[in-house]
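Visitor: Contents of input.pdb (PDB, C-alpha atoms):
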```
MODEL        1
ATOM      1  CA  MET A1177      10.132  -7.502   3.099  1.00  0.00           C
ATOM      2  CA  GLY A1178       7.229  -6.140   1.128  1.00  0.00           C
ATOM      3  CA  GLY A1179       6.216  -4.910  -2.261  1.00  0.00           C
ATOM      4  CA  PHE A1180       4.269  -2.133  -3.900  1.00  0.00           C
ATOM      5  CA  PHE A1181       2.478  -1.602  -7.187  1.00  0.00           C
ATOM      6  CA  GLY A1182       1.063   1.467  -8.894  1.00  0.00           C
ATOM      7  CA  THR A1183      -0.892   2.138 -12.054  1.00  0.00           C
ATOM      8  CA  ILE A1184      -2.338   5.025 -14.042  1.00  0.00           C
ATOM      9  CA  LYS A1185      -4.799   4.398 -16.861  1.00  0.00           C
ATOM     10  CA  LYS A1186      -7.227   6.329 -19.036  1.00  0.00           C
ATOM     11  CA  GLU A1187     -10.039   4.052 -17.840  1.00  0.00           C
ATOM     12  CA  SER A1188     -10.535   2.324 -14.469  1.00  0.00           C
ATOM     13  CA  CYS A1189      -7.315   1.044 -12.918  1.00  0.00           C
ATOM     14  CA  VAL A1190      -8.938  -0.964 -10.123  1.00  0.00           C
ATOM     15  CA  ALA A1191      -8.630  -4.455 -11.643  1.00  0.00           C
ATOM     16  CA  ASP A1192      -4.995  -3.883 -12.657  1.00  0.00           C
ATOM     17  CA  LEU A1193      -4.231  -2.513  -9.186  1.00  0.00           C
ATOM     18  CA  PHE A1194      -5.885  -5.479  -7.479  1.00  0.00           C
ATOM     19  CA  TYR A1195      -3.998  -8.081  -9.524  1.00  0.00           C
ATOM     20  CA  GLY A1196      -0.717  -6.148  -9.363  1.00  0.00           C
ATOM     21  CA  VAL A1197      -0.790  -5.929  -5.564  1.00  0.00           C
ATOM     22  CA  ASP A1198      -2.001  -9.528  -5.316  1.00  0.00           C
ATOM     23  CA  TYR A1199       1.023 -10.595  -7.374  1.00  0.00           C
ATOM     24  CA  ASN A1200       3.246  -9.020  -4.695  1.00  0.00           C
ATOM     25  CA  SER A1201       1.342 -10.595  -1.794  1.00  0.00           C
ATOM     26  CA  HIS A1202       3.931 -13.373  -1.431  1.00  0.00           C
ATOM     27  CA  MET A1203       6.415 -10.665  -0.363  1.00  0.00           C
ATOM     28  CA  GLY A1204       4.739  -9.843   2.925  1.00  0.00           C
ATOM     29  CA  THR A1205       2.558 -11.470   5.518  1.00  0.00           C
ATOM     30  CA  LYS A1206       1.159  -8.726   7.755  1.00  0.00           C
ATOM     31  CA  ARG A1207      -0.892  -6.070   5.932  1.00  0.00           C
ATOM     32  CA  GLY A1208      -2.113  -5.205   2.473  1.00  0.00           C
ATOM     33  CA  GLY A1209      -3.571  -1.967   1.252  1.00  0.00           C
ATOM     34  CA  MET A1210      -4.805  -0.177  -1.846  1.00  0.00           C
ATOM     35  CA  VAL A1211      -5.868   3.378  -2.614  1.00  0.00           C
ATOM     36  CA  THR A1212      -7.398   4.885  -5.749  1.00  0.00           C
ATOM     37  CA  LEU A1213      -7.974   8.480  -6.819  1.00  0.00           C
ATOM     38  CA  ASN A1214     -11.208   9.445  -8.570  1.00  0.00           C
ATOM     39  CA  ASN A1215     -12.117  13.098  -9.237  1.00  0.00           C
ATOM     40  CA  GLY A1216      -9.900  14.301  -6.397  1.00  0.00           C
ATOM     41  CA  ASN A1217     -11.262  11.811  -3.851  1.00  0.00           C
ATOM     42  CA  PHE A1218      -9.288   8.935  -2.366  1.00  0.00           C
ATOM     43  CA  THR A1219     -10.781   5.514  -1.673  1.00  0.00           C
ATOM     44  CA  ARG A1220      -8.552   3.434   0.577  1.00  0.00           C
ATOM     45  CA  SER A1221      -8.723  -0.070   1.963  1.00  0.00           C
ATOM     46  CA  ILE A1222      -6.252  -1.759   4.318  1.00  0.00           C
ATOM     47  CA  HIS A1223      -6.583  -5.272   5.731  1.00  0.00           C
ATOM     48  CA  ASN A1224      -4.664  -7.646   7.942  1.00  0.00           C
ATOM     49  CA  ILE A1225      -3.510 -10.557   5.750  1.00  0.00           C
ATOM     50  CA  GLU A1226      -1.841 -12.645   8.462  1.00  0.00           C
ATOM     51  CA  ASN A1227      -4.537 -15.337   8.540  1.00  0.00           C
ATOM     52  CA  SER A1228      -6.110 -15.200   5.093  1.00  0.00           C
ATOM     53  CA  PRO A1229      -4.918 -14.375   1.588  1.00  0.00           C
ATOM     54  CA  PHE A1230      -4.939 -10.938   0.001  1.00  0.00           C
ATOM     55  CA  ARG A1231      -7.572 -11.854  -2.587  1.00  0.00           C
ATOM     56  CA  THR A1232     -10.221 -12.926  -0.109  1.00  0.00           C
ATOM     57  CA  LYS A1233      -9.732  -9.807   2.012  1.00  0.00           C
ATOM     58  CA  PHE A1234      -9.980  -7.347  -0.888  1.00  0.00           C
ATOM     59  CA  GLU A1235     -12.521  -8.892  -3.280  1.00  0.00           C
ATOM     60  CA  ARG A1236     -15.416  -6.873  -1.822  1.00  0.00           C
ATOM     61  CA  ASP A1237     -13.415  -3.632  -1.721  1.00  0.00           C
ATOM     62  CA  VAL A1238     -12.609  -3.818  -5.433  1.00  0.00           C
ATOM     63  CA  GLY A1239     -16.309  -3.433  -6.250  1.00  0.00           C
ATOM     64  CA  GLU A1240     -16.467  -0.182  -4.271  1.00  0.00           C
ATOM     65  CA  MET A1241     -13.236   1.384  -5.549  1.00  0.00           C
ATOM     66  CA  THR A1242     -13.137   3.640  -8.604  1.00  0.00           C
ATOM     67  CA  GLY A1243     -10.432   5.703 -10.204  1.00  0.00           C
ATOM     68  CA  THR A1244      -7.819   5.958 -12.889  1.00  0.00           C
ATOM     69  CA  MET A1245      -4.824   6.157 -10.536  1.00  0.00           C
ATOM     70  CA  GLY A1246      -3.919   3.809  -7.736  1.00  0.00           C
ATOM     71  CA  ILE A1247      -1.176   2.433  -5.536  1.00  0.00           C
ATOM     72  CA  GLY A1248      -1.055  -0.619  -3.340  1.00  0.00           C
ATOM     73  CA  CYS A1249       1.310  -2.151  -0.851  1.00  0.00           C
ATOM     74  CA  ILE A1250       2.076  -5.405   0.902  1.00  0.00           C
ATOM     75  CA  SER A1251       3.833  -4.614   4.161  1.00  0.00           C
ATOM     76  CA  ASP A1252       5.332  -6.547   7.054  1.00  0.00           C
ATOM     77  CA  SER A1253       5.145  -3.518   9.333  1.00  0.00           C
ATOM     78  CA  ASP A1254       2.878  -0.505   8.848  1.00  0.00           C
ATOM     79  CA  PRO A1255      -0.646  -0.275   7.454  1.00  0.00           C
ATOM     80  CA  GLN A1256      -0.233   1.442   4.083  1.00  0.00           C
ATOM     81  CA  PRO A1257      -0.851   3.353   1.790  1.00  0.00           C
ATOM     82  CA  LEU A1258      -1.024   6.532   3.819  1.00  0.00           C
ATOM     83  CA  ILE A1259      -3.077   9.556   2.862  1.00  0.00           C
ATOM     84  CA  VAL A1260      -1.242  12.800   3.571  1.00  0.00           C
ATOM     85  CA  ARG A1261      -3.270  16.006   3.750  1.00  0.00           C
ATOM     86  CA  SER A1262      -1.151  19.147   3.727  1.00  0.00           C
ATOM     87  CA  HIS A1263      -1.091  22.741   2.563  1.00  0.00           C
ATOM     88  CA  LEU A1264       0.615  21.446  -0.594  1.00  0.00           C
ATOM     89  CA  GLY A1265      -2.323  19.172  -1.407  1.00  0.00           C
ATOM     90  CA  ASN A1266      -3.512  15.678  -0.665  1.00  0.00           C
ATOM     91  CA  TYR A1267      -1.347  12.683  -1.509  1.00  0.00           C
ATOM     92  CA  ALA A1268      -1.361   8.929  -1.135  1.00  0.00           C
ATOM     93  CA  ILE A1269       2.067   7.449  -0.434  1.00  0.00           C
ATOM     94  CA  THR A1270       3.551   4.058   0.262  1.00  0.00           C
ATOM     95  CA  THR A1271       7.042   2.902   1.125  1.00  0.00           C
ATOM     96  CA  VAL A1272       8.842  -0.384   1.273  1.00  0.00           C
ATOM     97  CA  GLY A1273      12.317  -0.613   2.624  1.00  0.00           C
ATOM     98  CA  ARG A1274      14.757  -2.202   4.944  1.00  0.00           C
ATOM     99  CA  ILE A1275      17.381  -0.498   7.075  1.00  0.00           C
ATOM    100  CA  ASN A1276      20.411  -2.753   7.410  1.00  0.00           C
ATOM    101  CA  ASN A1277      22.367  -0.540   9.802  1.00  0.00           C
ATOM    102  CA  MET A1278      19.629   0.649  12.173  1.00  0.00           C
ATOM    103  CA  GLU A1279      21.688   0.140  15.344  1.00  0.00           C
ATOM    104  CA  GLU A1280      24.546   2.225  13.944  1.00  0.00           C
ATOM    105  CA  LEU A1281      22.191   5.028  12.928  1.00  0.00           C
ATOM    106  CA  VAL A1282      20.534   5.115  16.353  1.00  0.00           C
ATOM    107  CA  GLU A1283      23.911   5.175  18.068  1.00  0.00           C
ATOM    108  CA  GLN A1284      25.124   8.058  15.889  1.00  0.00           C
ATOM    109  CA  ALA A1285      21.939  10.014  16.494  1.00  0.00           C
ATOM    110  CA  PHE A1286      22.060   9.749  20.284  1.00  0.00           C
ATOM    111  CA  HIS A1287      25.804   9.959  20.971  1.00  0.00           C
TER     112      HIS A1287
ENDMDL
END
```
Take the structure in the file and give it back as structure tokens.

Guide:
Amino acid sequence: MGGFFGTIKKESCVADLFYGVDYNSHMGTKRGGMVTLNNGNFTRSIHNIENSPFRTKFERDVGEMTGTMGIGCISDSDPQPLIVRSHLGNYAITTVGRINNMEELVEQAFH
């Protein structure tokens, strides 16, 4: 399982993002990540949180992040958020989900 949090503010969103993602840190035990957008530039930080808590891993990063928009994720699988650069623009995305019928889907796809 995992969790995600996003925020948009008129002023800096970094503190709200940090505490919002930290609140979700009990939902996952593998990786945590945050990304902010400031003047068209992304600042991203992803850390392994298997052996130490989210707060201690990200306290230094919060001081370097700026922006009014941000998303964060606690994940048991992939390092997230991802930054996607395409002809449509640049985006930061994150997903959290669980597929309950994975075996059935694989079987349908390959048979």

Visitor: Which residue gives the smallest distance to Val1272 of chain A among A:Met1241, A:Met1203, A:Ile1184, A:Ala1191, with all atoms listed in the file counted?

Guide: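 For Val1272 of chain A, the nearest of the given residues is A:Met1203.
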
Visitor: Please evaluate the PyMOL selection byres ((chain A and resi 1226) around 10) against the structure above and give the resulting residues as a PDB file with C-alpha atoms, in the frame of the given file.

Guide:
```pdb
ATOM      1  CA  GLY A1204       4.739  -9.843   2.925  1.00  0.00           C
ATOM      2  CA  THR A1205       2.558 -11.470   5.518  1.00  0.00           C
ATOM      3  CA  LYS A1206       1.159  -8.726   7.755  1.00  0.00           C
ATOM      4  CA  ARG A1207      -0.892  -6.070   5.932  1.00  0.00           C
ATOM      5  CA  GLY A1208      -2.113  -5.205   2.473  1.00  0.00           C
ATOM      6  CA  HIS A1223      -6.583  -5.272   5.731  1.00  0.00           C
ATOM      7  CA  ASN A1224      -4.664  -7.646   7.942  1.00  0.00           C
ATOM      8  CA  ILE A1225      -3.510 -10.557   5.750  1.00  0.00           C
ATOM      9  CA  ASN A1227      -4.537 -15.337   8.540  1.00  0.00           C
ATOM     10  CA  SER A1228      -6.110 -15.200   5.093  1.00  0.00           C
ATOM     11  CA  PRO A1229      -4.918 -14.375   1.588  1.00  0.00           C
ATOM     12  CA  PHE A1230      -4.939 -10.938   0.001  1.00  0.00           C
ATOM     13  CA  ASP A1252       5.332  -6.547   7.054  1.00  0.00           C
TER      14      ASP A1252
END
```

Visitor: If I put a ball of radius 12 Å at (-6.8, 9.3, -6.0) in the file's coordinates, which residues poke into it when counting all atoms listed in the file, written as a ChimeraX atom specification?

Guide: /A:1182-1184,1188-1190,1210-1220,1241-1248,1257-1260,1265-1269

Visitor: How far is it from atom CA of Glu1240 of chain A to atom CA of Pro1255 of chain A, in Å with one decimal?

Guide: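 Atom-to-atom, atom CA of Glu1240 of chain A to atom CA of Pro1255 of chain A, that is 19.7 Å.
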
Visitor: May I ask for the distance between atom CA of Thr1271 of chain A and atom CA of Asp1198 of chain A, given in Å to one decimal place?

Guide: 16.7 Å

Visitor: Please, what is the axis-aligned box for every listed atom of segment 1219-1235 of chain A with 6 Å on each side, as centre and edge lengths in Å to one decimal, as JSON?

Guide:
```
{"center_x": -7.2, "center_y": -4.9, "center_z": 2.6, "size_x": 22.7, "size_y": 32.9, "size_z": 23.8}
```

Visitor: In Å, rounded to a single decimal, give me how far atom CA of Gly1209 of chain A is from atom CA of Gly1196 of chain A.

Guide: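 Straight-line distance from atom CA of Gly1196 of chain A to atom CA of Gly1209 of chain A works out to 11.8 Å.
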
Visitor: Missing atoms in segment 1207-1240 of chain A need filling: write out N, CA and C atoms for it as a PDB file, in the frame of the given file.

Guide:
```pdb
ATOM      1  N   ARG A1207       0.185  -6.956   6.360  1.00  0.00           N
ATOM      2  CA  ARG A1207      -0.892  -6.070   5.932  1.00  0.00           C
ATOM      3  C   ARG A1207      -0.830  -5.825   4.427  1.00  0.00           C
ATOM      4  N   GLY A1208      -2.000  -5.592   3.873  1.00  0.00           N
ATOM      5  CA  GLY A1208      -2.113  -5.205   2.473  1.00  0.00           C
ATOM      6  C   GLY A1208      -3.014  -3.998   2.386  1.00  0.00           C
ATOM      7  N   GLY A1209      -2.751  -3.157   1.405  1.00  0.00           N
ATOM      8  CA  GLY A1209      -3.571  -1.967   1.252  1.00  0.00           C
ATOM      9  C   GLY A1209      -3.576  -1.467  -0.172  1.00  0.00           C
ATOM     10  N   MET A1210      -4.671  -0.792  -0.530  1.00  0.00           N
ATOM     11  CA  MET A1210      -4.805  -0.177  -1.846  1.00  0.00           C
ATOM     12  C   MET A1210      -5.513   1.157  -1.685  1.00  0.00           C
ATOM     13  N   VAL A1211      -5.171   2.093  -2.575  1.00  0.00           N
ATOM     14  CA  VAL A1211      -5.868   3.378  -2.614  1.00  0.00           C
ATOM     15  C   VAL A1211      -6.003   3.799  -4.070  1.00  0.00           C
ATOM     16  N   THR A1212      -7.179   4.351  -4.414  1.00  0.00           N
ATOM     17  CA  THR A1212      -7.398   4.885  -5.749  1.00  0.00           C
ATOM     18  C   THR A1212      -7.805   6.347  -5.647  1.00  0.00           C
ATOM     19  N   LEU A1213      -7.591   7.073  -6.742  1.00  0.00           N
ATOM     20  CA  LEU A1213      -7.974   8.480  -6.819  1.00  0.00           C
ATOM     21  C   LEU A1213      -8.995   8.628  -7.928  1.00  0.00           C
ATOM     22  N   ASN A1214     -10.143   9.220  -7.602  1.00  0.00           N
ATOM     23  CA  ASN A1214     -11.208   9.445  -8.570  1.00  0.00           C
ATOM     24  C   ASN A1214     -11.783  10.836  -8.344  1.00  0.00           C
ATOM     25  N   ASN A1215     -11.602  11.723  -9.321  1.00  0.00           N
ATOM     26  CA  ASN A1215     -12.117  13.098  -9.237  1.00  0.00           C
ATOM     27  C   ASN A1215     -11.684  13.801  -7.955  1.00  0.00           C
ATOM     28  N   GLY A1216     -10.440  13.627  -7.574  1.00  0.00           N
ATOM     29  CA  GLY A1216      -9.900  14.301  -6.397  1.00  0.00           C
ATOM     30  C   GLY A1216     -10.206  13.630  -5.074  1.00  0.00           C
ATOM     31  N   ASN A1217     -10.897  12.512  -5.087  1.00  0.00           N
ATOM     32  CA  ASN A1217     -11.262  11.811  -3.851  1.00  0.00           C
ATOM     33  C   ASN A1217     -10.539  10.475  -3.769  1.00  0.00           C
ATOM     34  N   PHE A1218      -9.975  10.193  -2.602  1.00  0.00           N
ATOM     35  CA  PHE A1218      -9.288   8.935  -2.366  1.00  0.00           C
ATOM     36  C   PHE A1218     -10.250   7.893  -1.806  1.00  0.00           C
ATOM     37  N   THR A1219     -10.099   6.668  -2.265  1.00  0.00           N
ATOM     38  CA  THR A1219     -10.781   5.514  -1.673  1.00  0.00           C
ATOM     39  C   THR A1219      -9.683   4.551  -1.247  1.00  0.00           C
ATOM     40  N   ARG A1220      -9.645   4.258   0.054  1.00  0.00           N
ATOM     41  CA  ARG A1220      -8.552   3.434   0.577  1.00  0.00           C
ATOM     42  C   ARG A1220      -9.105   2.241   1.326  1.00  0.00           C
ATOM     43  N   SER A1221      -8.368   1.149   1.243  1.00  0.00           N
ATOM     44  CA  SER A1221      -8.723  -0.070   1.963  1.00  0.00           C
ATOM     45  C   SER A1221      -7.435  -0.731   2.445  1.00  0.00           C
ATOM     46  N   ILE A1222      -7.403  -1.078   3.721  1.00  0.00           N
ATOM     47  CA  ILE A1222      -6.252  -1.759   4.318  1.00  0.00           C
ATOM     48  C   ILE A1222      -6.785  -2.927   5.138  1.00  0.00           C
ATOM     49  N   HIS A1223      -6.155  -4.093   4.981  1.00  0.00           N
ATOM     50  CA  HIS A1223      -6.583  -5.272   5.731  1.00  0.00           C
ATOM     51  C   HIS A1223      -5.387  -6.030   6.287  1.00  0.00           C
ATOM     52  N   ASN A1224      -5.628  -6.719   7.376  1.00  0.00           N
ATOM     53  CA  ASN A1224      -4.664  -7.646   7.942  1.00  0.00           C
ATOM     54  C   ASN A1224      -4.707  -8.914   7.080  1.00  0.00           C
ATOM     55  N   ILE A1225      -3.549  -9.353   6.588  1.00  0.00           N
ATOM     56  CA  ILE A1225      -3.510 -10.557   5.750  1.00  0.00           C
ATOM     57  C   ILE A1225      -2.696 -11.670   6.413  1.00  0.00           C
ATOM     58  N   GLU A1226      -2.608 -11.621   7.744  1.00  0.00           N
ATOM     59  CA  GLU A1226      -1.841 -12.645   8.462  1.00  0.00           C
ATOM     60  C   GLU A1226      -2.503 -14.017   8.401  1.00  0.00           C
ATOM     61  N   ASN A1227      -3.840 -14.058   8.446  1.00  0.00           N
ATOM     62  CA  ASN A1227      -4.537 -15.337   8.540  1.00  0.00           C
ATOM     63  C   ASN A1227      -5.368 -15.706   7.322  1.00  0.00           C
ATOM     64  N   SER A1228      -5.418 -14.838   6.333  1.00  0.00           N
ATOM     65  CA  SER A1228      -6.110 -15.200   5.093  1.00  0.00           C
ATOM     66  C   SER A1228      -5.489 -14.429   3.934  1.00  0.00           C
ATOM     67  N   PRO A1229      -5.605 -14.963   2.730  1.00  0.00           N
ATOM     68  CA  PRO A1229      -4.918 -14.375   1.588  1.00  0.00           C
ATOM     69  C   PRO A1229      -5.456 -13.008   1.177  1.00  0.00           C
ATOM     70  N   PHE A1230      -4.613 -12.277   0.480  1.00  0.00           N
ATOM     71  CA  PHE A1230      -4.939 -10.938   0.001  1.00  0.00           C
ATOM     72  C   PHE A1230      -6.254 -10.933  -0.778  1.00  0.00           C
ATOM     73  N   ARG A1231      -6.390 -11.851  -1.712  1.00  0.00           N
ATOM     74  CA  ARG A1231      -7.572 -11.854  -2.587  1.00  0.00           C
ATOM     75  C   ARG A1231      -8.877 -11.910  -1.815  1.00  0.00           C
ATOM     76  N   THR A1232      -8.959 -12.792  -0.836  1.00  0.00           N
ATOM     77  CA  THR A1232     -10.221 -12.926  -0.109  1.00  0.00           C
ATOM     78  C   THR A1232     -10.527 -11.698   0.734  1.00  0.00           C
ATOM     79  N   LYS A1233      -9.509 -11.011   1.207  1.00  0.00           N
ATOM     80  CA  LYS A1233      -9.732  -9.807   2.012  1.00  0.00           C
ATOM     81  C   LYS A1233     -10.178  -8.620   1.172  1.00  0.00           C
ATOM     82  N   PHE A1234      -9.749  -8.546  -0.089  1.00  0.00           N
ATOM     83  CA  PHE A1234      -9.980  -7.347  -0.888  1.00  0.00           C
ATOM     84  C   PHE A1234     -11.028  -7.506  -1.987  1.00  0.00           C
ATOM     85  N   GLU A1235     -11.561  -8.689  -2.192  1.00  0.00           N
ATOM     86  CA  GLU A1235     -12.521  -8.892  -3.280  1.00  0.00           C
ATOM     87  C   GLU A1235     -13.724  -7.959  -3.175  1.00  0.00           C
ATOM     88  N   ARG A1236     -14.262  -7.769  -1.995  1.00  0.00           N
ATOM     89  CA  ARG A1236     -15.416  -6.873  -1.822  1.00  0.00           C
ATOM     90  C   ARG A1236     -15.033  -5.417  -2.040  1.00  0.00           C
ATOM     91  N   ASP A1237     -13.846  -5.024  -1.598  1.00  0.00           N
ATOM     92  CA  ASP A1237     -13.415  -3.632  -1.721  1.00  0.00           C
ATOM     93  C   ASP A1237     -13.255  -3.209  -3.172  1.00  0.00           C
ATOM     94  N   VAL A1238     -12.832  -4.128  -4.021  1.00  0.00           N
ATOM     95  CA  VAL A1238     -12.609  -3.818  -5.433  1.00  0.00           C
ATOM     96  C   VAL A1238     -13.895  -3.314  -6.076  1.00  0.00           C
ATOM     97  N   GLY A1239     -15.025  -3.867  -5.706  1.00  0.00           N
ATOM     98  CA  GLY A1239     -16.309  -3.433  -6.250  1.00  0.00           C
ATOM     99  C   GLY A1239     -16.692  -2.023  -5.853  1.00  0.00           C
ATOM    100  N   GLU A1240     -16.141  -1.524  -4.756  1.00  0.00           N
ATOM    101  CA  GLU A1240     -16.467  -0.182  -4.271  1.00  0.00           C
ATOM    102  C   GLU A1240     -15.443   0.864  -4.681  1.00  0.00           C
TER     103      GLU A1240
END
```
